[in-house]
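Participant: Quick one: the structure is below, and I'll ask about it shortly.
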Amino acid sequence: MTKPNEHKIPNLTNLTFRHESFIYAGKHYSYSEIEHINYTADQTKYRVNFIPFVTTYRANLLLKLSGRRNLRIAQEIPWFASQKRSYLAVAKAAAIFSKITFSQRVKFYANALDGGGAIAWGNYQITREGDVSYKHERVFNIKDGTYALLLTPFSLVLRKKNKTQGERLKAIWASELEIPISRDRDCFLYVMKRYFGITWEGES
């Protein structure tokens, strides 16, 4: 039975939110332990003779805790009939964790940039001056307008605006980059807005 100071999400029975902590699979954790939030989601439609047959729903929520610990919040009851409900439950949990812990997580990125360092998403590094490097090799500067910045749910796709003749003849990756932002997506959007004045319609 849920207590007055507790909150549960339907279809995610192993998780209980409390005022300053949460319980998952019988273990207690403090929100202050959360350093990063990784969240991805995918819907896959399977067809038989080109007719839609069934759709699978997969949501992945991984909390990076202090002490290099990982806590995975798993979907429950993975049957097709209720898979979408458990999928949406994990999405809601990710949103709650993100809202509660945003201030503490974003400090990690702000402190690194304000201290003259770089922050990383995937194999990409970004400096306060806007330099973007791939595996520590400078690629371009985010302020110079070389690339169009296209935001997707879990990545930032950068497409070169003015391709050279040589680039047109090469594979598409020669003029397109993709930065994964499934880790701390909300912090990524904050960094883009605060340090580079970049925003996207529909994103706060």
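Letters A, B, ... mark the chains of the structure tokens in the order given; residue numbers begin at 1 per chain; ligand numbers begin at 1, in order shown.
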Give me the residues near Phe17 in chain A as a ChimeraX atom specification, where near means some atom within 10 Å (using only C-alpha atoms) and where sequence neighbours in that chain fewer than 3 positions away do not count.

Facilitator: /A:2,5-9,20-24,29,31,93,96-97

Participant: Would you mind listing, for every residue of range 28-104 of chain A within 12 Å of range 187-198 of chain A, the two atoms forming the shortest contact and the distance between them in Å to one decimal, using only C-alpha atoms, sorted by chain and ascending residue number, as CSV?

Facilitator:
residue,atom,partner,partner_atom,distance
A:Glu35,CA,A:Cys187,CA,11.6
A:His36,CA,A:Cys187,CA,9.6
A:Ile37,CA,A:Cys187,CA,10.0
A:Asn38,CA,A:Cys187,CA,11.5
A:Ser98,CA,A:Cys187,CA,9.4
A:Lys99,CA,A:Cys187,CA,10.8
A:Thr101,CA,A:Cys187,CA,10.6
A:Phe102,CA,A:Cys187,CA,7.3
A:Ser103,CA,A:Cys187,CA,9.1
A:Gln104,CA,A:Cys187,CA,10.2

Participant: Those selected residues, please, written with N, CA and C atoms and delivered as a short mmCIF file (atom, residue, chain, number, x, y, z; two decimals), in the first residue's frame.

Facilitator:
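File written: again-v3.cif
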data_model
loop_
_atom_site.label_atom_id
_atom_site.label_comp_id
_atom_site.auth_asym_id
_atom_site.auth_seq_id
_atom_site.Cartn_x
_atom_site.Cartn_y
_atom_site.Cartn_z
N GLU A 35 23.94 10.91 -10.82
CA GLU A 35 24.87 11.80 -11.51
C GLU A 35 24.48 12.02 -12.97
N HIS A 36 23.96 10.99 -13.62
CA HIS A 36 23.54 11.11 -15.01
C HIS A 36 22.30 10.23 -15.24
N ILE A 37 21.52 10.61 -16.25
CA ILE A 37 20.34 9.83 -16.64
C ILE A 37 20.44 9.50 -18.13
N ASN A 38 20.45 8.23 -18.44
CA ASN A 38 20.43 7.78 -19.84
C ASN A 38 19.04 7.24 -20.16
N SER A 98 14.36 13.18 -14.18
CA SER A 98 15.03 14.32 -14.82
C SER A 98 14.67 15.63 -14.14
N LYS A 99 13.39 15.80 -13.83
CA LYS A 99 12.95 17.05 -13.20
C LYS A 99 13.52 17.20 -11.80
N THR A 101 16.24 15.88 -10.48
CA THR A 101 17.71 15.93 -10.36
C THR A 101 18.39 16.88 -11.34
N PHE A 102 17.62 17.65 -12.10
CA PHE A 102 18.23 18.50 -13.12
C PHE A 102 19.30 19.42 -12.55
N SER A 103 19.00 20.12 -11.48
CA SER A 103 19.93 21.11 -10.93
C SER A 103 21.27 20.50 -10.57
N GLN A 104 21.26 19.32 -9.96
CA GLN A 104 22.52 18.71 -9.55
C GLN A 104 23.29 18.15 -10.74
#

Participant: From a backbone DSSP assignment, name each residue in range 4-200 of chain A labelled strand (DSSP E or B), as a ChimeraX atom specification.

Facilitator: /A:7-9,12-17,21-24,27-30,34-48,51-65,69-73,118-121,124-127,131-134,137-141,147-151,155-160,176-180,183

Participant: Could you find all residues in range 79-182 of chain A that DSSP calls alpha helix (DSSP H) from the backbone, and write them as a ChimeraX atom specification?

Facilitator: /A:80-114,165-169

Participant: Write the residues of the preceding selection, restricted to C-alpha atoms, as a compact mmCIF listing (two decimals), in the first residue's frame.

Facilitator:
# COMPACT_ATOMS: atom_id res chain seq x y z
CA PHE A 80 2.47 -7.27 -26.44
CA ALA A 81 -0.92 -6.43 -24.90
CA SER A 82 0.60 -4.31 -22.11
CA GLN A 83 4.02 -3.49 -23.53
CA LYS A 84 3.00 0.01 -24.56
CA ARG A 85 1.73 0.80 -21.06
CA SER A 86 4.98 -0.34 -19.43
CA TYR A 87 6.90 1.57 -22.11
CA LEU A 88 5.03 4.77 -21.26
CA ALA A 89 5.55 4.12 -17.55
CA VAL A 90 9.33 4.06 -17.99
CA ALA A 91 9.11 7.29 -20.03
CA LYS A 92 7.19 8.94 -17.20
CA ALA A 93 9.73 7.72 -14.65
CA ALA A 94 12.54 9.19 -16.76
CA ALA A 95 10.72 12.54 -16.84
CA ILE A 96 10.26 12.54 -13.05
CA PHE A 97 13.88 11.65 -12.34
CA SER A 98 15.03 14.32 -14.82
CA LYS A 99 12.95 17.05 -13.20
CA ILE A 100 13.98 16.18 -9.64
CA THR A 101 17.71 15.93 -10.36
CA PHE A 102 18.23 18.50 -13.12
CA SER A 103 19.93 21.11 -10.93
CA GLN A 104 22.52 18.71 -9.55
CA ARG A 105 23.26 17.10 -12.92
CA VAL A 106 23.60 20.32 -14.90
CA LYS A 107 26.21 21.61 -12.43
CA PHE A 108 28.61 18.96 -13.72
CA TYR A 109 28.47 20.46 -17.23
CA ALA A 110 28.37 24.12 -16.18
CA ASN A 111 31.34 23.70 -13.84
CA ALA A 112 33.39 21.99 -16.55
CA LEU A 113 32.68 24.71 -19.13
CA ASP A 114 33.09 27.61 -16.70
CA GLN A 165 32.34 19.06 -54.84
CA GLY A 166 34.52 16.41 -53.22
CA GLU A 167 32.10 15.98 -50.33
CA ARG A 168 29.20 15.52 -52.73
CA LEU A 169 31.02 12.60 -54.30

Participant: Neighbouring residues of range 130-142 of chain A were defined as those with any atom within 10 Å, considering only C-alpha atoms; residues of the same chain fewer than 6 positions away were excluded. Please report them as number ranges by chain.

Facilitator: A: 118-124, 148-149, 158, 177, 179, 192, 195-196, 198

Participant: Choose the residue, out of A:Gln125, A:Ser66, A:Thr56, A:Thr40, that has the smallest atom-to-atom separation from Arg185 in chain A; count only C-alpha atoms.

Facilitator: A:Thr40

Participant: Take CA of Arg159 in chain A and CA of Glu178 in chain A and report the distance between them in Å, one decimal.

Facilitator: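 Straight-line distance from CA of Arg159 in chain A to CA of Glu178 in chain A works out to 8.8 Å.
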
Participant: Rounded to one decimal, what separation in Å do you get between CA of Ile181 in chain A and CA of Leu61 in chain A?

Facilitator: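 These atoms are spaced 13.5 Å apart.
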